[in-house]
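The block underneath contains the structure these notes are about, expressed in structure tokens.
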Amino acid sequence: MSKNKQRLGKGLSAIFGDNFQEVLKDIENGNSTSNSTNEIKIEEIRSNPYQPRKTFNEESLKELAISIKEHGVFQPIIVRKSVVGYELISGERRTRASKIAGKDTIPAIIVDFDDKAMMEISLLENIQREDLSIIEEAKAYQSLIKNLNYTQEDLSNRIGKSRTHITNTLRLLKLPYEIIDMLEKNIIPATAARTLLSLNDKDEMIKVAEKVITNNLSVREIEKLVNNLNNPKSPKKVKELDLNLKYVKEIFENKIQSKVEINENKISFYFNNSDDLNRILEILNIIEK
């Protein structure tokens with residue numbers, strides 16, 4: 001599309017005025033008259049510095065590599081010229097899989113995007129992928145807010161996710177490093193991790209997270225545990241006997257040589273067996289010796 005030629009290079013609002021994914025697809029599919037496909041050396045390509053995904057499914061990459069080895073790369077990647085070689089804008093999986101397949105070159109379309117546009121494309125495109133981890137997603141939101149002055153409302157409108165979802169996802173970055181690591185490795189679910197944010201003490205958060213894993217606790221069980229930690233029940237105060245009753249208690253215990261309790265207008269004697277009971281009754285002259 002010739003419209004793409006006009007939009008590229010006019011700033012973010014021009015590039016993403018309609019739908020940035022449609023623009024990228026147009027470029028990749030060769031529908032833009034401004035860009036032609038080039039075969040470039042894979043060794044000259046550097047990963048996108050703004051790529052939010054840090055982990056890639058190895059099995060999925062191997063499957064894609066087998067397809068590339070047999071059929072080649074159907075859809076060119078998008079790169080920009082760098083001081084040395086090229087920087088990826090779109091097509092990280094295809095590039096990695098091509099390396100695994102033993103390819104030396106890959107079809108690519110070279111575009112002229114500035115750093116700001118490159119960051120926005122990379123983050124927005126990846127945020128909408130299903131395989132992005134919750135922490136990678138949170139860090140992508142954080143980058144857009146910090147570096148491109150997005151508001152949470154802007155993000156919500158751009159990516160079609162609720163503001164509540166964005167807020168809750170960003171809150172996960174306040175968790176201790178140990179729990180963030182658990183989230184990145186899918187050891188603990190995000191719903192459980194969010195519940196831990198109610199705790200004030202980070203060491204306590206980690207202890208509860210470990211309990212969640214060890215005991216496979218449900219979200220409801222975690223909420224109950226967190227609530228108990230935040231609102232510990234005060235131990236019931238034992239009502240102290242007044243001085244007169246204390247004196248009576250001591251007299252009884254000295255007399256029968258057994259434990260005695262006095263509470264609620266009641267005196268209780270403790271005995272071990274029937275012989276012990278008879279012994280107490282004899283001392284109290286209730287039965288004859």
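In the structure tokens, each chain is lettered A, B, ... as it comes, each chain's residues begin at 1, and ligands are numbered from 1 in order of appearance.
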message: So that I can see what lies close to range 44-51 of chain A, please list as number ranges by chain the residues with an atom at most 9 Å from it, counting only C-alpha atoms and leaving out residues fewer than 5 positions away in the same chain.
response: A: 79, 84-90, 92, 95, 118-120, 122-123, 126, 140, 143
DSSP alpha helix (DSSP H) residues within range 158-286 of chain A, as a ChimeraX atom specification: /A:158-159,163-171,177-184,190-196,202-215,219-230,243-256,274-283
Contacts of Val73 in chain A at 12 Å (only C-alpha atoms; same-chain gap of 5+ positions) as a PDB file with N, CA and C atoms, in the first residue's frame:
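Result file is out.pdb:
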```pdb
ATOM      1  N   GLU A  28       5.178  -6.850   5.784  1.00  0.00           N
ATOM      2  CA  GLU A  28       5.703  -8.216   5.692  1.00  0.00           C
ATOM      3  C   GLU A  28       5.177  -8.951   4.459  1.00  0.00           C
ATOM      4  N   THR A  37      12.006  -6.787  -0.304  1.00  0.00           N
ATOM      5  CA  THR A  37      12.606  -7.836   0.526  1.00  0.00           C
ATOM      6  C   THR A  37      14.065  -8.027   0.150  1.00  0.00           C
ATOM      7  N   GLU A  39      17.708 -10.346   1.236  1.00  0.00           N
ATOM      8  CA  GLU A  39      18.289 -11.479   1.975  1.00  0.00           C
ATOM      9  C   GLU A  39      19.458 -10.914   2.778  1.00  0.00           C
ATOM     10  N   LEU A  64       9.280 -24.960  14.355  1.00  0.00           N
ATOM     11  CA  LEU A  64       9.359 -23.933  13.312  1.00  0.00           C
ATOM     12  C   LEU A  64      10.636 -24.097  12.489  1.00  0.00           C
ATOM     13  N   ALA A  65      11.729 -24.497  13.127  1.00  0.00           N
ATOM     14  CA  ALA A  65      13.011 -24.694  12.434  1.00  0.00           C
ATOM     15  C   ALA A  65      12.899 -25.810  11.396  1.00  0.00           C
ATOM     16  N   ILE A  66      12.175 -26.881  11.737  1.00  0.00           N
ATOM     17  CA  ILE A  66      11.980 -28.001  10.797  1.00  0.00           C
ATOM     18  C   ILE A  66      11.224 -27.515   9.571  1.00  0.00           C
ATOM     19  N   SER A  67      10.188 -26.691   9.800  1.00  0.00           N
ATOM     20  CA  SER A  67       9.397 -26.150   8.697  1.00  0.00           C
ATOM     21  C   SER A  67      10.248 -25.224   7.819  1.00  0.00           C
ATOM     22  N   ILE A  68      11.062 -24.388   8.461  1.00  0.00           N
ATOM     23  CA  ILE A  68      11.921 -23.455   7.720  1.00  0.00           C
ATOM     24  C   ILE A  68      12.970 -24.208   6.908  1.00  0.00           C
ATOM     25  N   GLY A  91       9.822 -10.373  14.179  1.00  0.00           N
ATOM     26  CA  GLY A  91      10.270 -11.650  13.614  1.00  0.00           C
ATOM     27  C   GLY A  91      11.327 -12.354  14.439  1.00  0.00           C
ATOM     28  N   ARG A  93      11.061 -14.929  16.566  1.00  0.00           N
ATOM     29  CA  ARG A  93      10.945 -16.395  16.514  1.00  0.00           C
ATOM     30  C   ARG A  93      11.460 -16.935  15.178  1.00  0.00           C
ATOM     31  N   ARG A  94      11.116 -16.275  14.087  1.00  0.00           N
ATOM     32  CA  ARG A  94      11.580 -16.727  12.770  1.00  0.00           C
ATOM     33  C   ARG A  94      13.102 -16.671  12.675  1.00  0.00           C
ATOM     34  N   THR A  95      13.694 -15.620  13.267  1.00  0.00           N
ATOM     35  CA  THR A  95      15.156 -15.467  13.243  1.00  0.00           C
ATOM     36  C   THR A  95      15.826 -16.564  14.064  1.00  0.00           C
ATOM     37  N   ARG A  96      15.303 -16.805  15.261  1.00  0.00           N
ATOM     38  CA  ARG A  96      15.887 -17.844  16.127  1.00  0.00           C
ATOM     39  C   ARG A  96      15.743 -19.232  15.496  1.00  0.00           C
ATOM     40  N   ALA A  97      14.552 -19.498  14.944  1.00  0.00           N
ATOM     41  CA  ALA A  97      14.311 -20.799  14.322  1.00  0.00           C
ATOM     42  C   ALA A  97      15.200 -20.993  13.086  1.00  0.00           C
ATOM     43  N   SER A  98      15.445 -19.919  12.341  1.00  0.00           N
ATOM     44  CA  SER A  98      16.317 -20.003  11.156  1.00  0.00           C
ATOM     45  C   SER A  98      17.746 -20.351  11.561  1.00  0.00           C
ATOM     46  N   LYS A  99      18.204 -19.813  12.688  1.00  0.00           N
ATOM     47  CA  LYS A  99      19.535 -20.164  13.213  1.00  0.00           C
ATOM     48  C   LYS A  99      19.593 -21.652  13.528  1.00  0.00           C
ATOM     49  N   ALA A 101      17.791 -23.940  12.253  1.00  0.00           N
ATOM     50  CA  ALA A 101      17.712 -24.680  10.984  1.00  0.00           C
ATOM     51  C   ALA A 101      19.013 -24.623  10.194  1.00  0.00           C
ATOM     52  N   LYS A 103      20.349 -21.884   8.767  1.00  0.00           N
ATOM     53  CA  LYS A 103      20.307 -20.909   7.679  1.00  0.00           C
ATOM     54  C   LYS A 103      21.348 -19.810   7.909  1.00  0.00           C
ATOM     55  N   THR A 105      21.188 -16.904   5.888  1.00  0.00           N
ATOM     56  CA  THR A 105      20.496 -15.642   5.590  1.00  0.00           C
ATOM     57  C   THR A 105      19.001 -15.802   5.844  1.00  0.00           C
ATOM     58  N   ILE A 106      18.311 -14.666   5.868  1.00  0.00           N
ATOM     59  CA  ILE A 106      16.863 -14.670   6.088  1.00  0.00           C
ATOM     60  C   ILE A 106      16.261 -13.509   5.300  1.00  0.00           C
ATOM     61  N   PRO A 107      15.077 -13.697   4.707  1.00  0.00           N
ATOM     62  CA  PRO A 107      14.450 -12.582   3.993  1.00  0.00           C
ATOM     63  C   PRO A 107      14.016 -11.501   4.976  1.00  0.00           C
ATOM     64  N   ALA A 108      14.326 -10.260   4.659  1.00  0.00           N
ATOM     65  CA  ALA A 108      14.020  -9.165   5.581  1.00  0.00           C
ATOM     66  C   ALA A 108      13.613  -7.917   4.815  1.00  0.00           C
TER      67      ALA A 108
END
```
Using only C-alpha atoms: which of A:Leu132, A:Asn38, A:Phe74, A:Asp201 has the shortest distance to Pro52 in chain A: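 Among the listed residues, A:Leu132 lies closest to Pro52 in chain A.
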Nearest to Ile256 in chain A by atom-to-atom distance, counting only C-alpha atoms, from A:Glu178, A:Glu136, A:Asp275, A:Glu282: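 Counting only C-alpha atoms, the residue closest to Ile256 in chain A is A:Glu282.
Considering only C-alpha atoms, the residue among A:Leu155, A:Ala117, A:Ile206, A:Ile188 positioned nearest to Gln142 in chain A is A:Leu155.
Between Glu204 in chain A and the candidates A:Gln257, A:Thr191, A:Asn230, A:Asn216, the tightest atom-to-atom separation, counting only C-alpha atoms, involves A:Asn230.
With CA of Leu196 in chain A on one side and CA of Ile127 in chain A on the other, the separation reads 24.4 Å.
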